[in-house]
Each structure stands twice: as C-alpha cells, then as structure tokens.
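Participant: Encoded as structure tokens, here's the structure I'll be asking about.
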Amino acid sequence: MGNRKAYIRIEGGEEIELPVLSGTMGADVIDIRNLGKHGLFTYDPGYVSTASCSSKITFIDGDEGVLLHRGYPIEQLAEHADFIEVCHLLYYGELPTMAQKQEFDFVIRHHTMVNDQVTSFFKGFRRDAHPMAVMVSVVGALSAFYQDSGDVTDPLHREISAHRLIAKVPTIAAMSFKYNTGMPFAYPKNSLSYAANFLHMMFSTPCEEYVPNPVMVRALDRIFILHADHEQNASTSTVRLAGSSGTNPFACIAAGIASLWGPAHGGANEAVLKMLEEIGDVAHIPKFIERAKDKKNPFRLMGFGHRVYKNFDPRANLMRQTCHKVLNELGAHDDRLFQIALELERIALEDKYFIEKKLYPNVDFYSGIVLRAIGIPTNMFTAIFAISRTIGWITQWDEMISDPEQKIGRPRQLFTGPEKRDFVPISLRE
C-alpha cells in the first residue's frame with residue numbers, strides 16, 4: 001500500500017482527500033470508503049471500475065493476456081499440473097508436496113458420495129429438466145444434510161465444506177445427466193482420478209465395465225484447470241455477496257451456479273457450437289464475417305473477444321492444442337465443426353476489422369468442440385463449467401469470510417424515481 005493520495009473538489013470548494021492503494025500487481029485503486037461521510041457515493045453499473053475486495057488468489061492482466069493463480073501462469077499449470085494440484089494451490093495458497101497431494105486427493109476421493117436421500121430429490125424434477133436447474137436445487141439442498149460443519153467462522157468447518165463441495169458437485173452433475181437420459185445413477189469409484197471418475201459417472205452402465213480413455217481424461221482435466229477461477233466475475237461476485245451475510249457455503253455455491261447459468265456468463269461455449277452449426281460449411285464463412293462487421297446486423301461471432309482480455313485469452317491456445325489431441329485420438333480431425341472453427345479463426349485473425357477491435361478467440365471458442373467430442377451433450381456444458389469453478393468459488397468465499405475488512409454487501413443506488421408524494425384515495429384518482 002502506497003502513500004499516494006487522490007483529491008476531488010465538490011460544490012462549495014471543499015476538497016476531499018482519498019487514499020490510493022497499491023497491490024502487488026495491477027492498477028492502483030482509489031479508496032472511496034469514506035465518501036459517505038461527505039454525503040457522496042460513486043455510480044458504477046456492473047462494477048466495471050470498482051474493486052469490491054482485496055484478494056490473493058487470482059490475477060488477470062487483460063491488456064497483456066495474463067492469468068495467474070497464486071502467482072503461477074495458467075499456461076504452466078495447464079501443462080504440468082492436474083486439477084487436484086490446482087485445487088490445492090487455490091485453496092491452500094501453495095502447490096502441494098507429494099505427501100500433501102496424496103492426502104488431499106484421498107480426502108476428495110472419499111467425499112464423492114452423496115447421502116442416499118439426495119437421490120430422491122431427482123424424482124421431483126421432470127425428466128427433461130435442465131441440468132443447471134437441478135444443480136441449483138440439489139447443491140443448495142446439501143446444507144440440509146451437512147449441518148455438522150455449519151459454523152462459517154470456524155476454519156475447520158469451512159475446510160470440510162470445501163472438500164465436500166469439490167468432491168460432490170461432479171457427482172450431482174453426473175446424476176443430473178443420468179436422470180435426463182433415464183439411465184441408472186453410477187456411483188463414484190475411489191480408484192479413479194477426479195476427471196476419470198466424472199467420465200465414469202457420466203458414461204458407465206451396469207451392463208459392462210467402463211474404461212475412460214486417458215486422452216479424454218486429460219482433456220477434461222485441462223478444461224477443469226482452465227476454468228477453475230477467474231477473479232471477480234459475475235458468479236464469483238455472487239458467491240461473495242451471498243456469503244457476506246454469513247449464510248452457509250452450499251447456499252453460496254448454489255447462488256454461484258445460478259449466476260453462471262446465464263447465457264452471458266457460462267453459456268458461451270454452447271453458443272459457439274450453435275454458431276458453427278449455423279455457418280454449416282467453410283464456404284459460408286465470408287458471409288458470416290460480413291454480417292459480424294455490419295453494425296446494423298445483430299449477429300456477432302461467438303467465442304471472439306472477452307470482457308476482461310483485450311489481448312489474446314491465454315487459455316485459448318491451450319484449449320486449441322487440447323482440441324487437436326482429442327480429435328486426433330478419435331480419428332475425427334476432419335470434424336466439420338472443427339474445420340469451420342479453424343478457418344473462421346484464420347480469417348478473423350488476418351482481418352483488419354477484428355485486429356483493430358482485438359477480437360481474438362477466447363477459451364470458449366474451442367472448449368465446446370472438445371466437450372462435444374468427448375460425448376458431453378450441450379445442455380451439460382455449463383454444468384461442466386460449474387464443476388470447474390466450484391474450487392474458485394469456495395476459495396473466494398473462504399477468503400472473504402477470513403477477511404476482517406469484509407462487511408455484508410450493501411451496494412448503493414442512484415435513485416431516479418418520483419419524489420415524495422401523498423397517497424390519494426382510489427375514489428379521487430383520475
């Protein structure tokens with residue numbers, strides 16, 4: 001924290017001094033907490049220029065295309081670590097030793113089962129219920145089953161809840177899929193890795209042994225890593241805001257899932273697939289490029305550009321590499337949608353319009369193709385995202401609860417409604 005100051009002058013000539021705070025990286029911030037004493041507050045829809053918290057977890061430099069988890073570049077983590085290591089890094093602050101990883105992995109594996117009464121919840125949903133609708137409900141309901149760790153002020157209770165959520169959200173997601181398809185639930189196997197276990201719960205049947213393909217397992221593990229945390233996005237902010245009232249972590253994560261469900265947040269990779277299907281053929285790409293350039297046309301290319309990254313999304317190239325590996329393994333490298341995606345990317349990256357506007361492919365541009373190739377249906381894409389992001393949410397929640405400066409969330413508003421007026425009896429109203 002530096003000693004710089006910012007000053008604003010208000011009507012009447014009064015000058016207000018505001019401290020300027022510096023983090024270890026990133027832009028400085030003006031501390032506006034005392035503005036209320038002067039009868040003022042700021043107006044910032046979407047909080048695009050407001051830091052709602054201080055955090056040590058994830059750093060993003062959108063202009064440079066940088067994403068760091070606890071200081072480690074996402075490229076290094078995706079290349080050399082597995083998801084369990086990244087979970088340990090995010091929650092505990094450091095990469096685990098071999099012994100620490102084995103212990104953490106053991107704990108997560110042995111928390112994957114859900115209370116058998118949870119299975120009865122599914123019978124209350126329609127068979128065609130969206131998996132995210134089911135997950136919002138069932139994850140929130142976990143608070144009714146795990147009341148032994150309900151003291152959010154107790155670090156041990158928070159840790160137990162974190163372990164349970166990391167372990168059980170994939171189980172609930174897979175159960176949602178099985179219920180959709182009318183297939184029996186597949187119980188988790190403690191002998192399998194995190195990603196392999198999820199594929200087992202998704203695709204195994206009682207009829208025969210299911211052996212997950214290691215290439216698909218690694219691809220899914222990488223997807224989990226690339227989506228594990230992304231600073232103060234909409235769903236993470238929702239988790240923090242819900243948790244600021246002291247509510248239980250299961251309810252907070254359910255709130256995060258609800259926020260993620262929105263098409264502007266978690267549904268982007270599904271939208272990319274729909275767009276590629278609409279394009280239909282490589283020959284049609286120029287026509288769609290021109291539509292995207294036309295300001296009067298509502299069409300836009302999905303998977304290009306990012307709210308935060310004004311440069312290349314560092315996760316996109318990693319996802320592209322994974323896409324190649326998966327399609328090569330399946331002998332499907334001539335996949336129609338993948339070929340459209342490759343050509344669309346090539347043209348857009350060479351086009352002056354996209355270069356000037358810095359509309360580079362983001363992680364969602366390829367992740368949907370990978371999930372589709374693995375066999376994940378499109379209505380499960382956002383559920384996969386929720387599995388990945390659970391570690392980020394619960395880590396951010398834990399940090400928020402531990403922060404002595406954190407208060408219950410209470411944004412202000414700029415009121416533009418009517419001024420005070422007197423009630424008029426209905427018989428006298430015109």
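By convention in this document, the chains of the structure tokens carry letters A, B, ... by their order, each chain's residues are numbered from 1, and ligands are numbered from 1 in the order they are shown.
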Among stretch 281-392 of chain A, which residues carry a DSSP assignment of helix (DSSP H, G or I), reported as a ChimeraX atom specification?
Facilitator: /A:282-293,314-329,336-350,352-356,364-374,378-392
Participant: Would you write out those residues with C-alpha atoms, as a PDB file, in the first residue's frame?
Facilitator:
```pdb
ATOM      1  CA  VAL A 282     -16.400 -23.433 -44.575  1.00  0.00           C
ATOM      2  CA  ALA A 283     -17.620 -21.820 -47.813  1.00  0.00           C
ATOM      3  CA  HIS A 284     -20.217 -19.805 -45.878  1.00  0.00           C
ATOM      4  CA  ILE A 285     -17.710 -18.159 -43.508  1.00  0.00           C
ATOM      5  CA  PRO A 286     -17.094 -14.933 -45.545  1.00  0.00           C
ATOM      6  CA  LYS A 287     -20.820 -14.191 -45.492  1.00  0.00           C
ATOM      7  CA  PHE A 288     -20.935 -14.521 -41.704  1.00  0.00           C
ATOM      8  CA  ILE A 289     -17.782 -12.399 -41.321  1.00  0.00           C
ATOM      9  CA  GLU A 290     -19.507  -9.610 -43.231  1.00  0.00           C
ATOM     10  CA  ARG A 291     -22.617  -9.966 -41.064  1.00  0.00           C
ATOM     11  CA  ALA A 292     -20.455  -9.603 -37.960  1.00  0.00           C
ATOM     12  CA  LYS A 293     -18.951  -6.373 -39.332  1.00  0.00           C
ATOM     13  CA  PRO A 314      -4.118 -17.145 -22.529  1.00  0.00           C
ATOM     14  CA  ARG A 315      -6.400 -20.153 -22.125  1.00  0.00           C
ATOM     15  CA  ALA A 316      -7.458 -20.217 -25.789  1.00  0.00           C
ATOM     16  CA  ASN A 317      -4.239 -21.638 -27.262  1.00  0.00           C
ATOM     17  CA  LEU A 318      -4.158 -24.356 -24.577  1.00  0.00           C
ATOM     18  CA  MET A 319      -7.727 -25.299 -25.454  1.00  0.00           C
ATOM     19  CA  ARG A 320      -6.858 -25.318 -29.153  1.00  0.00           C
ATOM     20  CA  GLN A 321      -3.998 -27.778 -28.515  1.00  0.00           C
ATOM     21  CA  THR A 322      -6.326 -29.980 -26.482  1.00  0.00           C
ATOM     22  CA  CYS A 323      -8.876 -29.902 -29.280  1.00  0.00           C
ATOM     23  CA  HIS A 324      -6.278 -31.224 -31.757  1.00  0.00           C
ATOM     24  CA  LYS A 325      -5.254 -34.042 -29.401  1.00  0.00           C
ATOM     25  CA  VAL A 326      -8.831 -35.160 -28.741  1.00  0.00           C
ATOM     26  CA  LEU A 327      -9.867 -35.158 -32.392  1.00  0.00           C
ATOM     27  CA  ASN A 328      -6.662 -36.972 -33.412  1.00  0.00           C
ATOM     28  CA  GLU A 329      -7.337 -39.637 -30.782  1.00  0.00           C
ATOM     29  CA  ARG A 336     -16.889 -30.449 -39.820  1.00  0.00           C
ATOM     30  CA  LEU A 337     -17.347 -28.002 -36.951  1.00  0.00           C
ATOM     31  CA  PHE A 338     -13.658 -28.076 -36.080  1.00  0.00           C
ATOM     32  CA  GLN A 339     -12.703 -27.293 -39.673  1.00  0.00           C
ATOM     33  CA  ILE A 340     -15.151 -24.383 -39.686  1.00  0.00           C
ATOM     34  CA  ALA A 341     -13.664 -23.167 -36.403  1.00  0.00           C
ATOM     35  CA  LEU A 342     -10.087 -23.346 -37.739  1.00  0.00           C
ATOM     36  CA  GLU A 343     -10.928 -21.436 -40.886  1.00  0.00           C
ATOM     37  CA  LEU A 344     -13.019 -18.895 -39.005  1.00  0.00           C
ATOM     38  CA  GLU A 345     -10.133 -18.291 -36.624  1.00  0.00           C
ATOM     39  CA  ARG A 346      -7.639 -17.929 -39.504  1.00  0.00           C
ATOM     40  CA  ILE A 347      -9.749 -15.416 -41.402  1.00  0.00           C
ATOM     41  CA  ALA A 348     -10.648 -13.384 -38.318  1.00  0.00           C
ATOM     42  CA  LEU A 349      -7.024 -13.152 -37.139  1.00  0.00           C
ATOM     43  CA  GLU A 350      -5.969 -11.788 -40.532  1.00  0.00           C
ATOM     44  CA  LYS A 352      -8.174  -5.707 -40.180  1.00  0.00           C
ATOM     45  CA  TYR A 353     -11.586  -5.240 -38.539  1.00  0.00           C
ATOM     46  CA  PHE A 354     -11.008  -7.981 -35.936  1.00  0.00           C
ATOM     47  CA  ILE A 355      -7.380  -6.992 -35.375  1.00  0.00           C
ATOM     48  CA  GLU A 356      -8.260  -3.352 -34.685  1.00  0.00           C
ATOM     49  CA  ASP A 364     -14.968 -20.876 -25.215  1.00  0.00           C
ATOM     50  CA  PHE A 365     -14.202 -20.942 -28.935  1.00  0.00           C
ATOM     51  CA  TYR A 366     -12.693 -24.427 -28.664  1.00  0.00           C
ATOM     52  CA  SER A 367     -13.933 -25.864 -25.356  1.00  0.00           C
ATOM     53  CA  GLY A 368     -17.387 -26.653 -26.746  1.00  0.00           C
ATOM     54  CA  ILE A 369     -15.854 -28.674 -29.601  1.00  0.00           C
ATOM     55  CA  VAL A 370     -13.747 -30.635 -27.110  1.00  0.00           C
ATOM     56  CA  LEU A 371     -16.713 -31.373 -24.843  1.00  0.00           C
ATOM     57  CA  ARG A 372     -18.812 -32.418 -27.824  1.00  0.00           C
ATOM     58  CA  ALA A 373     -16.048 -34.771 -28.986  1.00  0.00           C
ATOM     59  CA  ILE A 374     -15.810 -36.330 -25.517  1.00  0.00           C
ATOM     60  CA  THR A 378     -24.596 -29.331 -24.952  1.00  0.00           C
ATOM     61  CA  ASN A 379     -27.041 -28.931 -22.068  1.00  0.00           C
ATOM     62  CA  MET A 380     -24.257 -30.212 -19.769  1.00  0.00           C
ATOM     63  CA  PHE A 381     -21.631 -27.703 -20.910  1.00  0.00           C
ATOM     64  CA  THR A 382     -22.449 -25.136 -18.222  1.00  0.00           C
ATOM     65  CA  ALA A 383     -22.610 -27.902 -15.617  1.00  0.00           C
ATOM     66  CA  ILE A 384     -19.016 -28.824 -16.529  1.00  0.00           C
ATOM     67  CA  PHE A 385     -18.124 -25.165 -16.045  1.00  0.00           C
ATOM     68  CA  ALA A 386     -19.772 -25.270 -12.601  1.00  0.00           C
ATOM     69  CA  ILE A 387     -17.699 -28.313 -11.609  1.00  0.00           C
ATOM     70  CA  SER A 388     -14.531 -26.480 -12.642  1.00  0.00           C
ATOM     71  CA  ARG A 389     -15.427 -23.212 -10.956  1.00  0.00           C
ATOM     72  CA  THR A 390     -16.512 -24.739  -7.620  1.00  0.00           C
ATOM     73  CA  ILE A 391     -12.924 -24.637  -6.341  1.00  0.00           C
ATOM     74  CA  GLY A 392     -12.646 -20.967  -7.288  1.00  0.00           C
TER      75      GLY A 392
END
```
Participant: Quick one: of A:Ala186, A:Ala162, A:Leu156, A:Leu77, who's nearest to A:Ile223, counting only C-alpha atoms?
Facilitator: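 That would be A:Leu77, the residue with the smallest distance to A:Ile223.
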Participant: Name all residues at most 9 Å from A:Ser259 (count only C-alpha atoms; drop same-chain ones fewer than 6 positions away) and give them as a list in words.
Facilitator: Ala234, Ser235, Thr236, Thr238, Val239, His265 and Gly266 of chain A
Participant: From the list A:Leu260, A:Tyr146, A:Met135, A:Leu199, which residue is nearest A:Ile376 when using only C-alpha atoms?
Facilitator: A:Leu199
Participant: Which residues of stretch 90-118 of chain A sit at most 10 Å from stretch 142-145 of chain A, using only C-alpha atoms? Give each one's shortest atom pair and distance in Å (one decimal place), in chain and ascending residue order, as a Markdown table.
Facilitator:
```
| residue | atom | partner | partner_atom | distance |
| --- | --- | --- | --- | --- |
| A:Val114 | CA | A:Leu142 | CA | 8.8 |
| A:Asn115 | CA | A:Phe145 | CA | 7.5 |
| A:Gln117 | CA | A:Phe145 | CA | 9.1 |
| A:Val118 | CA | A:Leu142 | CA | 8.2 |
```
Participant: Just how far from atom CA of A:His163 is atom CA of A:His88, in Å to one decimal?
Facilitator: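 According to the coordinates, atom CA of A:His88 and atom CA of A:His163 are separated by 10.4 Å.
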Participant: As an exercise, work out the distance from atom CA of A:Arg127 to atom CA of A:Met202 in Å and give it to one decimal place.
Facilitator: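 So the two atoms, atom CA of A:Arg127 and atom CA of A:Met202, lie 16.2 Å apart.
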Participant: For A:Ser244, work out the shell of residues within 8 Å, counting only C-alpha atoms and skipping chain neighbours fewer than 2 positions away, then give it as a PyMOL selection string.
Facilitator: chain A and resi 240-242+246-247+400-401+406-409
Participant: Store the residues picked out above in a file with N, CA and C atoms, as a PDB file, in the first residue's frame.
Facilitator:
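As written to disk, selection-v4.pdb reads:
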```pdb
ATOM      1  N   ARG A 240     -19.558 -14.338  -3.279  1.00  0.00           N
ATOM      2  CA  ARG A 240     -19.040 -13.467  -2.209  1.00  0.00           C
ATOM      3  C   ARG A 240     -20.169 -12.637  -1.591  1.00  0.00           C
ATOM      4  N   LEU A 241     -21.035 -12.090  -2.431  1.00  0.00           N
ATOM      5  CA  LEU A 241     -22.115 -11.253  -1.918  1.00  0.00           C
ATOM      6  C   LEU A 241     -23.081 -12.076  -1.060  1.00  0.00           C
ATOM      7  N   ALA A 242     -23.423 -13.279  -1.538  1.00  0.00           N
ATOM      8  CA  ALA A 242     -24.302 -14.154  -0.754  1.00  0.00           C
ATOM      9  C   ALA A 242     -23.635 -14.537   0.557  1.00  0.00           C
ATOM     10  N   GLY A 246     -23.191 -14.255   5.876  1.00  0.00           N
ATOM     11  CA  GLY A 246     -22.901 -15.339   6.812  1.00  0.00           C
ATOM     12  C   GLY A 246     -23.646 -16.620   6.525  1.00  0.00           C
ATOM     13  N   THR A 247     -24.288 -16.704   5.353  1.00  0.00           N
ATOM     14  CA  THR A 247     -25.025 -17.920   5.025  1.00  0.00           C
ATOM     15  C   THR A 247     -24.078 -19.079   4.747  1.00  0.00           C
ATOM     16  N   MET A 400     -13.092 -14.430   1.641  1.00  0.00           N
ATOM     17  CA  MET A 400     -13.998 -13.362   2.036  1.00  0.00           C
ATOM     18  C   MET A 400     -14.380 -13.479   3.512  1.00  0.00           C
ATOM     19  N   ILE A 401     -14.703 -14.695   3.953  1.00  0.00           N
ATOM     20  CA  ILE A 401     -15.082 -14.909   5.354  1.00  0.00           C
ATOM     21  C   ILE A 401     -13.914 -14.580   6.283  1.00  0.00           C
ATOM     22  N   GLN A 406     -14.003  -7.261   5.454  1.00  0.00           N
ATOM     23  CA  GLN A 406     -15.197  -7.558   4.682  1.00  0.00           C
ATOM     24  C   GLN A 406     -16.466  -7.303   5.495  1.00  0.00           C
ATOM     25  N   LYS A 407     -17.457  -6.700   4.871  1.00  0.00           N
ATOM     26  CA  LYS A 407     -18.740  -6.425   5.512  1.00  0.00           C
ATOM     27  C   LYS A 407     -19.847  -7.033   4.660  1.00  0.00           C
ATOM     28  N   ILE A 408     -21.039  -7.086   5.219  1.00  0.00           N
ATOM     29  CA  ILE A 408     -22.163  -7.559   4.426  1.00  0.00           C
ATOM     30  C   ILE A 408     -22.335  -6.646   3.213  1.00  0.00           C
ATOM     31  N   GLY A 409     -22.528  -7.264   2.056  1.00  0.00           N
ATOM     32  CA  GLY A 409     -22.660  -6.496   0.827  1.00  0.00           C
ATOM     33  C   GLY A 409     -23.908  -5.620   0.861  1.00  0.00           C
TER      34      GLY A 409
END
```
Participant: From the set A:Gly71, A:Gly140, A:Pro19, A:Pro131, which residue has the shortest atom-to-atom contact distance to A:Met175, counting only C-alpha atoms?
Facilitator: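 Nearest candidate to A:Met175 out of A:Gly71, A:Gly140, A:Pro19, A:Pro131: A:Pro131.
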Participant: Atom CA of A:Asp105 to atom CA of A:Lys56: how many Å, to one decimal?
Facilitator: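 Separating atom CA of A:Asp105 from atom CA of A:Lys56 is a distance of 23.5 Å.
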